[in-house]
Amino acid sequence: MGTSAKVLLVDDDMTLHQMYAERLKAEGYTIVSAYDGEEALEKAPKEKPDVILLDIMMPKVNGIDVMRKLRDDEETANIPIILLTALVQEISKVKAMMKAKDSYLIKSEIMPADVVKSIEAAIH
């Protein structure tokens, strides 16, 4: 595709993180990595990504709390967020915070190509 969009990739699972990062770089995205919620909250306002790929189950600050804080901050409130989750039940907790370009993906049901499609939908 060839894009210069910036993706903040937030996942503590090193294997998944690396897999997504490699696939997204191959698609032309610039990747900013964060490995826990605290790091995501630090990097989002500084880096101003075009989209955030956010795992829900993480140490320190979980993805739901990260999303809540990003939505409360004027600088990051409108950045599209794609939630990655292992559990369908978690989605009901965040639906009220989701904006039009936000989405969620169930880890066990997706391939890297699905992540790319979701990112493209969020930034276009």
# chains A, B, ... in the order shown; residues from 1 in each chain; ligands from 1

$ select_by_dssp --residues "region 45-92 of chain A" --states "alpha helix (DSSP H)" --output "ChimeraX atom specification"
/A:45-47,63-72,91-92

$ residues_around --residues "Lys99 (chain A)" --least-positions-apart "4" --cutoff "9 Å" --atoms "only C-alpha atoms" --output "PyMOL selection string"
chain A and resi 78+80-81+95+103

$ write_last_selection --atoms "N, CA and C atoms" --output "mmCIF file, in the first residue's frame"
data_model
loop_
_atom_site.group_PDB
_atom_site.id
_atom_site.type_symbol
_atom_site.label_atom_id
_atom_site.label_comp_id
_atom_site.auth_asym_id
_atom_site.auth_seq_id
_atom_site.Cartn_x
_atom_site.Cartn_y
_atom_site.Cartn_z
ATOM 1 N N ASN A 78 -9.154 12.123 20.081
ATOM 2 C CA ASN A 78 -9.701 11.751 18.780
ATOM 3 C C ASN A 78 -8.831 10.807 17.966
ATOM 4 N N PRO A 80 -7.929 7.392 16.622
ATOM 5 C CA PRO A 80 -8.623 6.108 16.549
ATOM 6 C C PRO A 80 -7.861 5.027 17.316
ATOM 7 N N ILE A 81 -8.609 4.197 18.033
ATOM 8 C CA ILE A 81 -8.024 3.110 18.817
ATOM 9 C C ILE A 81 -8.603 1.792 18.338
ATOM 10 N N LYS A 95 -17.242 -0.265 25.077
ATOM 11 C CA LYS A 95 -18.112 0.211 23.993
ATOM 12 C C LYS A 95 -18.575 1.652 24.196
ATOM 13 N N SER A 103 -12.326 0.439 16.857
ATOM 14 C CA SER A 103 -12.810 -0.915 16.622
ATOM 15 C C SER A 103 -12.115 -1.857 17.590
#

$ closest_residue --among "A:Glu27, A:Asp65, A:Glu109, A:Asp11" --to "Leu87 (chain A)" --atoms "only C-alpha atoms"
A:Glu109

$ residues_around --residues "Asp12 (chain A)" --least-positions-apart "3" --cutoff "12 Å" --atoms "only C-alpha atoms" --output "ChimeraX atom specification"
/A:9,15-18,33-40,53-63,84

$ residues_around --residues "Tyr29 (chain A)" --least-positions-apart "6" --cutoff "7 Å" --atoms "only C-alpha atoms" --output "PyMOL selection string"
chain A and resi 3-7

$ residues_around --residues "Ala113 (chain A)" --least-positions-apart "5" --cutoff "10 Å" --atoms "only C-alpha atoms" --output "ChimeraX atom specification"
/A:20,23-24,27,118-119

$ closest_residue --among "A:Met67, A:Met19, A:Val115, A:Ile110" --to "Val94 (chain A)" --atoms "only C-alpha atoms"
A:Met67

$ residues_around --residues "Leu70 (chain A)" --least-positions-apart "2" --cutoff "10 Å" --atoms "only C-alpha atoms" --output "list in words"
Ala40, Leu41, Ala44, Pro45, Ile64, Asp65, Val66, Met67, Arg68, Asp72, Asp73, Glu74, Glu75, Thr76, Ala77, Asn78, Ile79 and Ile81 of chain A

$ select_by_dssp --residues "region 13-121 of chain A" --states "strand (DSSP E)" --output "count of residues only"
19

$ decode --residues "chain A" --atoms "C-alpha atoms" --output "short mmCIF file (atom, residue, chain, number, x, y, z; two decimals), in the first residue's frame"
data_model
loop_
_atom_site.label_atom_id
_atom_site.label_comp_id
_atom_site.auth_asym_id
_atom_site.auth_seq_id
_atom_site.Cartn_x
_atom_site.Cartn_y
_atom_site.Cartn_z
CA MET A 1 0.00 0.00 0.00
CA GLY A 2 2.68 2.51 0.97
CA THR A 3 1.61 4.89 3.68
CA SER A 4 3.49 7.01 6.15
CA ALA A 5 0.86 6.75 8.86
CA LYS A 6 2.17 6.32 12.39
CA VAL A 7 0.87 3.46 14.53
CA LEU A 8 1.39 3.29 18.29
CA LEU A 9 1.58 -0.47 18.92
CA VAL A 10 0.86 -1.34 22.54
CA ASP A 11 1.18 -5.00 23.54
CA ASP A 12 3.17 -6.71 26.27
CA ASP A 13 3.29 -10.04 24.39
CA MET A 14 6.69 -9.81 22.70
CA THR A 15 5.89 -12.42 20.03
CA LEU A 16 2.66 -10.72 18.96
CA HIS A 17 4.24 -7.28 19.23
CA GLN A 18 7.08 -8.25 16.94
CA MET A 19 4.76 -9.99 14.47
CA TYR A 20 2.44 -6.97 14.19
CA ALA A 21 5.36 -4.53 14.02
CA GLU A 22 7.02 -6.45 11.17
CA ARG A 23 3.79 -6.79 9.19
CA LEU A 24 2.88 -3.11 9.64
CA LYS A 25 6.38 -1.95 8.69
CA ALA A 26 6.14 -4.11 5.54
CA GLU A 27 2.89 -2.27 4.74
CA GLY A 28 4.69 1.07 5.03
CA TYR A 29 3.56 2.15 8.49
CA THR A 30 5.85 3.88 10.98
CA ILE A 31 5.73 1.96 14.26
CA VAL A 32 6.10 3.42 17.73
CA SER A 33 6.26 0.64 20.32
CA ALA A 34 4.98 0.57 23.88
CA TYR A 35 5.00 -2.57 26.01
CA ASP A 36 2.62 -1.57 28.80
CA GLY A 37 -0.11 0.93 29.54
CA GLU A 38 2.14 3.45 31.30
CA GLU A 39 4.45 3.61 28.32
CA ALA A 40 1.45 4.03 25.98
CA LEU A 41 0.14 6.97 28.01
CA GLU A 42 3.59 8.56 27.91
CA LYS A 43 4.11 8.10 24.16
CA ALA A 44 0.64 8.88 22.75
CA PRO A 45 0.68 12.67 23.39
CA LYS A 46 4.35 12.98 22.35
CA GLU A 47 4.20 10.88 19.21
CA LYS A 48 0.66 11.84 18.07
CA PRO A 49 0.07 8.58 16.18
CA ASP A 50 -2.55 8.31 13.46
CA VAL A 51 -3.95 5.21 15.14
CA ILE A 52 -3.32 3.20 18.33
CA LEU A 53 -3.29 -0.59 18.34
CA LEU A 54 -3.98 -1.35 22.00
CA ASP A 55 -3.95 -4.64 23.86
CA ILE A 56 -6.42 -4.77 26.75
CA MET A 57 -4.68 -7.24 29.08
CA MET A 58 -1.42 -5.58 30.13
CA PRO A 59 0.67 -5.00 33.23
CA LYS A 60 0.79 -1.67 35.11
CA VAL A 61 -2.17 0.03 33.39
CA ASN A 62 -4.59 -2.14 31.42
CA GLY A 63 -5.88 -1.19 27.98
CA ILE A 64 -9.33 -0.17 29.23
CA ASP A 65 -7.79 2.36 31.63
CA VAL A 66 -5.39 3.52 28.92
CA MET A 67 -8.31 4.12 26.56
CA ARG A 68 -10.23 6.01 29.26
CA LYS A 69 -7.24 8.28 29.95
CA LEU A 70 -6.58 8.86 26.24
CA ARG A 71 -10.22 9.83 25.72
CA ASP A 72 -10.07 12.26 28.66
CA ASP A 73 -6.99 14.03 27.27
CA GLU A 74 -7.75 16.69 24.65
CA GLU A 75 -4.52 15.90 22.78
CA THR A 76 -5.34 12.21 22.30
CA ALA A 77 -9.15 12.13 22.52
CA ASN A 78 -9.70 11.75 18.78
CA ILE A 79 -6.96 9.29 17.87
CA PRO A 80 -8.62 6.11 16.55
CA ILE A 81 -8.02 3.11 18.82
CA ILE A 82 -8.12 -0.51 17.72
CA LEU A 83 -8.41 -2.74 20.76
CA LEU A 84 -6.85 -6.18 20.74
CA THR A 85 -8.38 -8.58 23.19
CA ALA A 86 -8.42 -12.24 24.06
CA LEU A 87 -11.83 -12.01 25.71
CA VAL A 88 -15.10 -10.97 24.08
CA GLN A 89 -16.53 -9.99 27.49
CA GLU A 90 -14.02 -7.13 27.84
CA ILE A 91 -15.52 -5.31 24.87
CA SER A 92 -18.74 -4.46 26.71
CA LYS A 93 -16.63 -2.46 29.18
CA VAL A 94 -15.25 -0.17 26.47
CA LYS A 95 -18.11 0.21 23.99
CA ALA A 96 -19.32 3.41 25.68
CA MET A 97 -15.88 4.99 25.17
CA MET A 98 -15.53 3.95 21.55
CA LYS A 99 -15.73 6.59 18.83
CA ALA A 100 -16.74 6.15 15.19
CA LYS A 101 -13.31 5.08 13.94
CA ASP A 102 -12.50 2.84 16.91
CA SER A 103 -12.81 -0.91 16.62
CA TYR A 104 -11.83 -4.11 18.35
CA LEU A 105 -10.34 -7.39 17.25
CA ILE A 106 -10.49 -10.72 19.07
CA LYS A 107 -6.95 -12.10 19.01
CA SER A 108 -7.97 -15.72 18.49
CA GLU A 109 -10.09 -14.80 15.46
CA ILE A 110 -7.72 -12.59 13.47
CA MET A 111 -4.73 -12.71 11.19
CA PRO A 112 -2.21 -9.89 10.71
CA ALA A 113 -4.01 -8.91 7.49
CA ASP A 114 -7.14 -8.18 9.56
CA VAL A 115 -5.12 -5.79 11.72
CA VAL A 116 -3.87 -4.00 8.61
CA LYS A 117 -7.45 -3.68 7.26
CA SER A 118 -8.65 -2.25 10.58
CA ILE A 119 -5.84 0.29 10.67
CA GLU A 120 -6.56 1.35 7.08
CA ALA A 121 -10.28 1.76 7.92
CA ALA A 122 -9.43 3.84 11.00
CA ILE A 123 -7.17 6.32 9.20
CA HIS A 124 -9.16 6.76 5.98
#
